[in-house]
Amino acid sequence: MRSALAFFCASLALATPLAAMAKAPDYAAAIADPKRPAEAKALDEGRKPAETLAFLGLKPGMKAADIVTGSGYWAEIMADVVGPTGKVTGFEPSQFTARPESQQKWQALQARRPEVKWVSYKFESFTAPAKSFDFALINLNYHDLYWQSEKMGLPKSDPAAFVKALYAATRPGGIVGVIDHAGPAGDTWAIVDKLHRIDPAVVKADFTKAGFLLDGESPLLANPQDDHSKNVFDPAIRGKTDRFLFRFRKPK
């Protein structure tokens with residue numbers, strides 16, 4: 001009897017860690033998903049998706065948003081991480097999805113990843129249902145809220161209104177990750193227009209003013225060799241810019 005009880009207790013002790021491991025995020029499997037296109041995988045070395053999502057805390061079962069999803073790079077990985085018990089929404093501005101050169105890619109993305117909810121919205125008027133996301137990511141696009149472009153069909157936005165809407169859409173305790181090109185201090189609108197960079201202090205100020213708490217920052221994507229006076233599309237630095245990585249959290 002005692003031997004049987006000891007065996008049961010030992011088995012339970014072994015099973016518990018295994019059960020916990022089964023629920024842990026499998027970032028490596030998400031990145032290795034064969035459905036991901038080659039052009040997306042080519043960006044992995046510079047974007048460090050596994051380390052980035054581990055730092056931000058994306059987990060299975062979360063309801064997550066990829067804002068200004070572009071090619072869907074992050075949304076596809078996030079969909080595999082959250083799994084069937086979670087849900088990912090990929091938001092893309094209608095100014096971009098309506099462009100002839102983008103329509104085919106947008107349609108192909110929706111066909112390839114039907115498990116993701118794809119939403120086209122006006123860039124200057126982001127909105128989402130209240131308390132709908134546990135997690136959101138804005139990759140290399142927050143600075144565009146300080147950019148006005150007639151060519152791209154982008155009118156002047158209100159960054160404060162965007163962050164306020166995102167705060168409302170985030171559940172208490174939810175996470176928002178922001179990755180962007182580090183830029184110098186000064187006139188944010190002028191700097192973004194010239195360099196497509198943003199002062200990290202501006203991002204911190206915008207999010208904390210809306211009520212978010214700065215929960216962490218990481219040097220994972222930093223490049224001290226980057227010249228912050230160069231436009232991010234300069235061939236000398238494109239794809240290798242000094243990027244900051246912030247984790248904001250909505251108070252519970």
# chains A, B, ... in the order shown; residues from 1 in each chain; ligands from 1
>>> residues_around(residues="Gly216 of chain A", least_positions_apart="3", cutoff="7 Å", atoms="only C-alpha atoms", output="short mmCIF file (atom, residue, chain, number, x, y, z; two decimals) with N, CA and C atoms, in the first residue's frame")
data_model
loop_
_atom_site.label_atom_id
_atom_site.label_comp_id
_atom_site.auth_asym_id
_atom_site.auth_seq_id
_atom_site.Cartn_x
_atom_site.Cartn_y
_atom_site.Cartn_z
N PHE A 246 9.96 48.58 -25.56
CA PHE A 246 9.29 48.91 -24.31
C PHE A 246 8.12 47.96 -24.07
N ARG A 247 7.92 47.62 -22.80
CA ARG A 247 6.74 46.85 -22.38
C ARG A 247 5.92 47.73 -21.44
N PHE A 248 4.73 48.11 -21.92
CA PHE A 248 3.81 48.89 -21.09
C PHE A 248 2.71 47.96 -20.57
#
>>> closest_residue(among="A:Leu245, A:Gly186, A:Thr97, A:Ala111", to="Leu53 of chain A", atoms="only C-alpha atoms")
A:Leu245
>>> residues_around(residues="segment 175-183 of chain A", least_positions_apart="4", cutoff="8 Å", atoms="only C-alpha atoms", output="PDB file with N, CA and C atoms, in the first residue's frame")
ATOM      1  N   LEU A  56       8.223  40.393 -23.844  1.00  0.00           N
ATOM      2  CA  LEU A  56       6.926  41.055 -23.737  1.00  0.00           C
ATOM      3  C   LEU A  56       5.900  40.206 -22.981  1.00  0.00           C
ATOM      4  N   GLY A  57       6.042  38.891 -23.059  1.00  0.00           N
ATOM      5  CA  GLY A  57       5.163  38.022 -22.278  1.00  0.00           C
ATOM      6  C   GLY A  57       3.948  37.485 -23.004  1.00  0.00           C
ATOM      7  N   ASP A 134      -5.466  41.224 -24.376  1.00  0.00           N
ATOM      8  CA  ASP A 134      -4.513  40.982 -23.289  1.00  0.00           C
ATOM      9  C   ASP A 134      -3.128  41.491 -23.683  1.00  0.00           C
ATOM     10  N   PHE A 135      -2.937  41.648 -24.991  1.00  0.00           N
ATOM     11  CA  PHE A 135      -1.598  41.914 -25.518  1.00  0.00           C
ATOM     12  C   PHE A 135      -1.734  42.668 -26.836  1.00  0.00           C
ATOM     13  N   ALA A 136      -0.870  43.643 -27.061  1.00  0.00           N
ATOM     14  CA  ALA A 136      -0.830  44.337 -28.345  1.00  0.00           C
ATOM     15  C   ALA A 136       0.618  44.666 -28.669  1.00  0.00           C
ATOM     16  N   LEU A 137       0.931  44.711 -29.943  1.00  0.00           N
ATOM     17  CA  LEU A 137       2.282  45.029 -30.389  1.00  0.00           C
ATOM     18  C   LEU A 137       2.219  46.070 -31.499  1.00  0.00           C
ATOM     19  N   ILE A 138       3.094  47.069 -31.389  1.00  0.00           N
ATOM     20  CA  ILE A 138       3.241  48.079 -32.437  1.00  0.00           C
ATOM     21  C   ILE A 138       4.714  48.063 -32.830  1.00  0.00           C
ATOM     22  N   ASN A 139       5.009  47.521 -33.991  1.00  0.00           N
ATOM     23  CA  ASN A 139       6.389  47.336 -34.425  1.00  0.00           C
ATOM     24  C   ASN A 139       6.786  48.342 -35.494  1.00  0.00           C
ATOM     25  N   LEU A 140       7.698  49.245 -35.154  1.00  0.00           N
ATOM     26  CA  LEU A 140       8.293  50.209 -36.090  1.00  0.00           C
ATOM     27  C   LEU A 140       7.275  51.119 -36.758  1.00  0.00           C
ATOM     28  N   ASN A 141       6.142  51.350 -36.071  1.00  0.00           N
ATOM     29  CA  ASN A 141       5.104  52.177 -36.687  1.00  0.00           C
ATOM     30  C   ASN A 141       4.522  53.250 -35.787  1.00  0.00           C
ATOM     31  N   TYR A 142       4.866  53.235 -34.510  1.00  0.00           N
ATOM     32  CA  TYR A 142       4.282  54.271 -33.657  1.00  0.00           C
ATOM     33  C   TYR A 142       4.696  55.663 -34.130  1.00  0.00           C
ATOM     34  N   HIS A 143       5.914  55.800 -34.611  1.00  0.00           N
ATOM     35  CA  HIS A 143       6.385  57.117 -35.059  1.00  0.00           C
ATOM     36  C   HIS A 143       5.518  57.690 -36.177  1.00  0.00           C
ATOM     37  N   THR A 170      -7.395  47.730 -24.164  1.00  0.00           N
ATOM     38  CA  THR A 170      -6.548  46.809 -23.407  1.00  0.00           C
ATOM     39  C   THR A 170      -7.226  46.411 -22.103  1.00  0.00           C
ATOM     40  N   ILE A 191      11.234  65.573 -36.966  1.00  0.00           N
ATOM     41  CA  ILE A 191      12.180  64.452 -36.941  1.00  0.00           C
ATOM     42  C   ILE A 191      11.609  63.237 -37.659  1.00  0.00           C
ATOM     43  N   LEU A 195      13.434  61.678 -40.749  1.00  0.00           N
ATOM     44  CA  LEU A 195      14.219  60.479 -40.454  1.00  0.00           C
ATOM     45  C   LEU A 195      13.414  59.206 -40.238  1.00  0.00           C
ATOM     46  N   HIS A 196      12.112  59.313 -39.996  1.00  0.00           N
ATOM     47  CA  HIS A 196      11.258  58.180 -39.617  1.00  0.00           C
ATOM     48  C   HIS A 196      11.776  57.519 -38.342  1.00  0.00           C
ATOM     49  N   ARG A 197      12.230  58.346 -37.419  1.00  0.00           N
ATOM     50  CA  ARG A 197      12.668  57.929 -36.092  1.00  0.00           C
ATOM     51  C   ARG A 197      11.866  58.711 -35.054  1.00  0.00           C
ATOM     52  N   ILE A 198      11.961  58.256 -33.797  1.00  0.00           N
ATOM     53  CA  ILE A 198      11.278  58.963 -32.723  1.00  0.00           C
ATOM     54  C   ILE A 198      12.099  58.876 -31.443  1.00  0.00           C
ATOM     55  N   ASP A 199      12.102  59.944 -30.694  1.00  0.00           N
ATOM     56  CA  ASP A 199      12.776  59.989 -29.405  1.00  0.00           C
ATOM     57  C   ASP A 199      12.065  59.018 -28.451  1.00  0.00           C
ATOM     58  N   PRO A 200      12.774  58.052 -27.872  1.00  0.00           N
ATOM     59  CA  PRO A 200      12.131  57.108 -26.941  1.00  0.00           C
ATOM     60  C   PRO A 200      11.393  57.798 -25.803  1.00  0.00           C
ATOM     61  N   HIS A 228      21.924  58.200 -35.399  1.00  0.00           N
ATOM     62  CA  HIS A 228      20.530  58.635 -35.275  1.00  0.00           C
ATOM     63  C   HIS A 228      20.176  59.808 -36.181  1.00  0.00           C
ATOM     64  N   SER A 229      21.157  60.339 -36.883  1.00  0.00           N
ATOM     65  CA  SER A 229      20.864  61.431 -37.818  1.00  0.00           C
ATOM     66  C   SER A 229      20.562  60.910 -39.216  1.00  0.00           C
ATOM     67  N   VAL A 232      16.023  56.109 -41.676  1.00  0.00           N
ATOM     68  CA  VAL A 232      16.027  54.657 -41.484  1.00  0.00           C
ATOM     69  C   VAL A 232      16.068  53.886 -42.802  1.00  0.00           C
ATOM     70  N   THR A 241      18.857  49.450 -37.679  1.00  0.00           N
ATOM     71  CA  THR A 241      18.748  50.646 -36.851  1.00  0.00           C
ATOM     72  C   THR A 241      18.780  50.312 -35.353  1.00  0.00           C
ATOM     73  N   ASP A 242      19.084  51.330 -34.584  1.00  0.00           N
ATOM     74  CA  ASP A 242      19.033  51.233 -33.133  1.00  0.00           C
ATOM     75  C   ASP A 242      17.557  51.298 -32.736  1.00  0.00           C
ATOM     76  N   ARG A 243      17.038  50.204 -32.200  1.00  0.00           N
ATOM     77  CA  ARG A 243      15.617  50.142 -31.876  1.00  0.00           C
ATOM     78  C   ARG A 243      15.406  49.951 -30.370  1.00  0.00           C
ATOM     79  N   PHE A 244      14.443  50.670 -29.842  1.00  0.00           N
ATOM     80  CA  PHE A 244      14.097  50.477 -28.437  1.00  0.00           C
ATOM     81  C   PHE A 244      12.919  49.522 -28.346  1.00  0.00           C
ATOM     82  N   LEU A 245      12.838  48.836 -27.223  1.00  0.00           N
ATOM     83  CA  LEU A 245      11.796  47.844 -26.973  1.00  0.00           C
ATOM     84  C   LEU A 245      11.214  48.116 -25.592  1.00  0.00           C
ATOM     85  N   PHE A 246       9.965  48.579 -25.565  1.00  0.00           N
ATOM     86  CA  PHE A 246       9.290  48.912 -24.315  1.00  0.00           C
ATOM     87  C   PHE A 246       8.124  47.957 -24.071  1.00  0.00           C
ATOM     88  N   ARG A 247       7.916  47.623 -22.798  1.00  0.00           N
ATOM     89  CA  ARG A 247       6.742  46.853 -22.383  1.00  0.00           C
ATOM     90  C   ARG A 247       5.917  47.732 -21.445  1.00  0.00           C
ATOM     91  N   PHE A 248       4.729  48.112 -21.917  1.00  0.00           N
ATOM     92  CA  PHE A 248       3.808  48.885 -21.095  1.00  0.00           C
ATOM     93  C   PHE A 248       2.714  47.959 -20.568  1.00  0.00           C
ATOM     94  N   ARG A 249       2.164  48.312 -19.420  1.00  0.00           N
ATOM     95  CA  ARG A 249       1.102  47.500 -18.840  1.00  0.00           C
ATOM     96  C   ARG A 249      -0.027  48.399 -18.342  1.00  0.00           C
ATOM     97  N   LYS A 250      -1.257  47.965 -18.586  1.00  0.00           N
ATOM     98  CA  LYS A 250      -2.411  48.694 -18.061  1.00  0.00           C
ATOM     99  C   LYS A 250      -2.643  48.250 -16.619  1.00  0.00           C
TER     100      LYS A 250
END
>>> residues_around(residues="Trp106 of chain A", least_positions_apart="4", cutoff="8 Å", atoms="only C-alpha atoms", output="PyMOL selection string")
chain A and resi 71+97+102+110
>>> write_last_selection(atoms="N, CA, C and O atoms", output="mmCIF file, in the first residue's frame")
data_model
loop_
_atom_site.group_PDB
_atom_site.id
_atom_site.type_symbol
_atom_site.label_atom_id
_atom_site.label_comp_id
_atom_site.auth_asym_id
_atom_site.auth_seq_id
_atom_site.Cartn_x
_atom_site.Cartn_y
_atom_site.Cartn_z
ATOM 1 N N SER A 71 3.102 43.204 -43.537
ATOM 2 C CA SER A 71 3.162 41.903 -44.208
ATOM 3 C C SER A 71 2.568 40.793 -43.351
ATOM 4 O O SER A 71 2.486 39.645 -43.795
ATOM 5 N N THR A 97 -4.060 49.086 -47.457
ATOM 6 C CA THR A 97 -4.700 47.923 -48.080
ATOM 7 C C THR A 97 -5.364 48.293 -49.405
ATOM 8 O O THR A 97 -5.561 47.425 -50.266
ATOM 9 N N SER A 102 -0.628 46.606 -52.858
ATOM 10 C CA SER A 102 -0.788 45.934 -51.575
ATOM 11 C C SER A 102 -1.984 44.993 -51.536
ATOM 12 O O SER A 102 -2.038 44.095 -50.685
ATOM 13 N N GLN A 110 -4.740 36.978 -45.821
ATOM 14 C CA GLN A 110 -5.999 36.539 -45.239
ATOM 15 C C GLN A 110 -6.280 35.079 -45.591
ATOM 16 O O GLN A 110 -6.790 34.317 -44.760
#
>>> atom_distance(atom1="atom CA of Lys41 of chain A", atom2="atom CA of Ile77 of chain A")
10.5 Å
>>> closest_residue(among="A:Lys35, A:Lys230, A:Lys164, A:Lys122", to="Val192 of chain A", atoms="only C-alpha atoms")
A:Lys230
>>> closest_residue(among="A:Ala169, A:Ile31, A:Ala160, A:Ile67", to="Lys209 of chain A", atoms="only C-alpha atoms")
A:Ala160
>>> select_by_dssp(residues="segment 2-251 of chain A", states="helix (DSSP H, G or I)", output="number ranges by chain")
A: 2-22, 27-31, 38-41, 44-47, 49-56, 73-82, 94-97, 100-112, 123-125, 142-146, 159-169, 188-195, 200-210
>>> residues_around(residues="Trp147 of chain A", least_positions_apart="5", cutoff="8 Å", atoms="only C-alpha atoms", output="JSON, numbers by chain")
{"A": [154, 156, 157, 189, 192, 193]}
>>> decode(residues="segment 218-231 of chain A", atoms="all heavy atoms", output="PDB file, in the first residue's frame")
ATOM      1  N   SER A 218      14.065  46.835 -22.863  1.00  0.00           N
ATOM      2  CA  SER A 218      15.124  45.882 -23.153  1.00  0.00           C
ATOM      3  C   SER A 218      16.075  46.425 -24.225  1.00  0.00           C
ATOM      4  O   SER A 218      15.633  47.061 -25.189  1.00  0.00           O
ATOM      5  CB  SER A 218      14.517  44.568 -23.652  1.00  0.00           C
ATOM      6  OG  SER A 218      15.524  43.707 -24.157  1.00  0.00           O
ATOM      7  N   PRO A 219      17.388  46.143 -24.081  1.00  0.00           N
ATOM      8  CA  PRO A 219      18.369  46.530 -25.094  1.00  0.00           C
ATOM      9  C   PRO A 219      18.510  45.491 -26.211  1.00  0.00           C
ATOM     10  O   PRO A 219      19.437  45.555 -27.015  1.00  0.00           O
ATOM     11  CB  PRO A 219      19.656  46.639 -24.277  1.00  0.00           C
ATOM     12  CG  PRO A 219      19.497  45.569 -23.238  1.00  0.00           C
ATOM     13  CD  PRO A 219      18.033  45.552 -22.889  1.00  0.00           C
ATOM     14  N   LEU A 220      17.586  44.532 -26.237  1.00  0.00           N
ATOM     15  CA  LEU A 220      17.679  43.403 -27.166  1.00  0.00           C
ATOM     16  C   LEU A 220      17.890  43.840 -28.617  1.00  0.00           C
ATOM     17  O   LEU A 220      18.658  43.225 -29.361  1.00  0.00           O
ATOM     18  CB  LEU A 220      16.395  42.565 -27.059  1.00  0.00           C
ATOM     19  CG  LEU A 220      16.282  41.343 -27.962  1.00  0.00           C
ATOM     20  CD1 LEU A 220      17.312  40.296 -27.572  1.00  0.00           C
ATOM     21  CD2 LEU A 220      14.874  40.757 -27.878  1.00  0.00           C
ATOM     22  N   LEU A 221      17.221  44.924 -29.038  1.00  0.00           N
ATOM     23  CA  LEU A 221      17.267  45.346 -30.437  1.00  0.00           C
ATOM     24  C   LEU A 221      18.106  46.612 -30.626  1.00  0.00           C
ATOM     25  O   LEU A 221      18.034  47.253 -31.680  1.00  0.00           O
ATOM     26  CB  LEU A 221      15.846  45.580 -30.949  1.00  0.00           C
ATOM     27  CG  LEU A 221      14.904  44.378 -30.793  1.00  0.00           C
ATOM     28  CD1 LEU A 221      13.478  44.754 -31.191  1.00  0.00           C
ATOM     29  CD2 LEU A 221      15.388  43.191 -31.627  1.00  0.00           C
ATOM     30  N   ALA A 222      18.893  46.947 -29.631  1.00  0.00           N
ATOM     31  CA  ALA A 222      19.709  48.161 -29.708  1.00  0.00           C
ATOM     32  C   ALA A 222      20.904  47.971 -30.641  1.00  0.00           C
ATOM     33  O   ALA A 222      21.405  46.855 -30.808  1.00  0.00           O
ATOM     34  CB  ALA A 222      20.196  48.540 -28.311  1.00  0.00           C
ATOM     35  N   ASN A 223      21.339  49.061 -31.238  1.00  0.00           N
ATOM     36  CA  ASN A 223      22.557  49.066 -32.057  1.00  0.00           C
ATOM     37  C   ASN A 223      23.295  50.366 -31.788  1.00  0.00           C
ATOM     38  O   ASN A 223      23.000  51.400 -32.396  1.00  0.00           O
ATOM     39  CB  ASN A 223      22.221  48.945 -33.542  1.00  0.00           C
ATOM     40  CG  ASN A 223      23.485  49.022 -34.412  1.00  0.00           C
ATOM     41  OD1 ASN A 223      24.599  48.996 -33.896  1.00  0.00           O
ATOM     42  ND2 ASN A 223      23.299  49.140 -35.719  1.00  0.00           N
ATOM     43  N   PRO A 224      24.264  50.351 -30.886  1.00  0.00           N
ATOM     44  CA  PRO A 224      24.984  51.581 -30.538  1.00  0.00           C
ATOM     45  C   PRO A 224      25.781  52.170 -31.686  1.00  0.00           C
ATOM     46  O   PRO A 224      26.214  53.331 -31.612  1.00  0.00           O
ATOM     47  CB  PRO A 224      25.897  51.137 -29.382  1.00  0.00           C
ATOM     48  CG  PRO A 224      26.013  49.657 -29.520  1.00  0.00           C
ATOM     49  CD  PRO A 224      24.716  49.200 -30.093  1.00  0.00           C
ATOM     50  N   GLN A 225      25.979  51.415 -32.751  1.00  0.00           N
ATOM     51  CA  GLN A 225      26.725  51.919 -33.908  1.00  0.00           C
ATOM     52  C   GLN A 225      25.843  52.726 -34.864  1.00  0.00           C
ATOM     53  O   GLN A 225      26.345  53.349 -35.800  1.00  0.00           O
ATOM     54  CB  GLN A 225      27.344  50.742 -34.678  1.00  0.00           C
ATOM     55  CG  GLN A 225      28.230  49.829 -33.839  1.00  0.00           C
ATOM     56  CD  GLN A 225      29.345  50.583 -33.150  1.00  0.00           C
ATOM     57  OE1 GLN A 225      30.014  51.418 -33.761  1.00  0.00           O
ATOM     58  NE2 GLN A 225      29.550  50.295 -31.869  1.00  0.00           N
ATOM     59  N   ASP A 226      24.545  52.733 -34.633  1.00  0.00           N
ATOM     60  CA  ASP A 226      23.619  53.442 -35.511  1.00  0.00           C
ATOM     61  C   ASP A 226      23.773  54.956 -35.344  1.00  0.00           C
ATOM     62  O   ASP A 226      23.841  55.473 -34.234  1.00  0.00           O
ATOM     63  CB  ASP A 226      22.193  53.008 -35.183  1.00  0.00           C
ATOM     64  CG  ASP A 226      21.132  53.718 -36.019  1.00  0.00           C
ATOM     65  OD1 ASP A 226      21.465  54.248 -37.094  1.00  0.00           O
ATOM     66  OD2 ASP A 226      19.967  53.735 -35.580  1.00  0.00           O
ATOM     67  N   ASP A 227      23.774  55.652 -36.451  1.00  0.00           N
ATOM     68  CA  ASP A 227      23.821  57.118 -36.469  1.00  0.00           C
ATOM     69  C   ASP A 227      22.383  57.619 -36.491  1.00  0.00           C
ATOM     70  O   ASP A 227      21.686  57.487 -37.498  1.00  0.00           O
ATOM     71  CB  ASP A 227      24.583  57.589 -37.707  1.00  0.00           C
ATOM     72  CG  ASP A 227      24.676  59.109 -37.818  1.00  0.00           C
ATOM     73  OD1 ASP A 227      24.019  59.812 -37.023  1.00  0.00           O
ATOM     74  OD2 ASP A 227      25.387  59.582 -38.721  1.00  0.00           O
ATOM     75  N   HIS A 228      21.924  58.200 -35.399  1.00  0.00           N
ATOM     76  CA  HIS A 228      20.530  58.635 -35.275  1.00  0.00           C
ATOM     77  C   HIS A 228      20.176  59.808 -36.181  1.00  0.00           C
ATOM     78  O   HIS A 228      19.006  60.181 -36.254  1.00  0.00           O
ATOM     79  CB  HIS A 228      20.217  58.994 -33.827  1.00  0.00           C
ATOM     80  CG  HIS A 228      20.179  57.823 -32.918  1.00  0.00           C
ATOM     81  ND1 HIS A 228      19.759  57.909 -31.603  1.00  0.00           N
ATOM     82  CD2 HIS A 228      20.499  56.508 -33.121  1.00  0.00           C
ATOM     83  CE1 HIS A 228      19.835  56.705 -31.031  1.00  0.00           C
ATOM     84  NE2 HIS A 228      20.283  55.847 -31.936  1.00  0.00           N
ATOM     85  N   SER A 229      21.157  60.339 -36.883  1.00  0.00           N
ATOM     86  CA  SER A 229      20.864  61.431 -37.818  1.00  0.00           C
ATOM     87  C   SER A 229      20.562  60.910 -39.216  1.00  0.00           C
ATOM     88  O   SER A 229      20.204  61.681 -40.104  1.00  0.00           O
ATOM     89  CB  SER A 229      22.040  62.418 -37.883  1.00  0.00           C
ATOM     90  OG  SER A 229      23.172  61.822 -38.505  1.00  0.00           O
ATOM     91  N   LYS A 230      20.674  59.610 -39.421  1.00  0.00           N
ATOM     92  CA  LYS A 230      20.400  59.007 -40.722  1.00  0.00           C
ATOM     93  C   LYS A 230      18.934  58.582 -40.838  1.00  0.00           C
ATOM     94  O   LYS A 230      18.346  58.093 -39.871  1.00  0.00           O
ATOM     95  CB  LYS A 230      21.280  57.782 -40.966  1.00  0.00           C
ATOM     96  CG  LYS A 230      22.747  58.082 -41.254  1.00  0.00           C
ATOM     97  CD  LYS A 230      23.484  56.797 -41.586  1.00  0.00           C
ATOM     98  CE  LYS A 230      24.956  57.048 -41.890  1.00  0.00           C
ATOM     99  NZ  LYS A 230      25.126  57.843 -43.128  1.00  0.00           N
ATOM    100  N   ASN A 231      18.360  58.758 -42.014  1.00  0.00           N
ATOM    101  CA  ASN A 231      17.031  58.247 -42.307  1.00  0.00           C
ATOM    102  C   ASN A 231      17.073  56.725 -42.228  1.00  0.00           C
ATOM    103  O   ASN A 231      18.047  56.091 -42.666  1.00  0.00           O
ATOM    104  CB  ASN A 231      16.592  58.702 -43.696  1.00  0.00           C
ATOM    105  CG  ASN A 231      15.158  58.329 -44.009  1.00  0.00           C
ATOM    106  OD1 ASN A 231      14.805  57.166 -44.145  1.00  0.00           O
ATOM    107  ND2 ASN A 231      14.316  59.340 -44.156  1.00  0.00           N
TER     108      ASN A 231
END
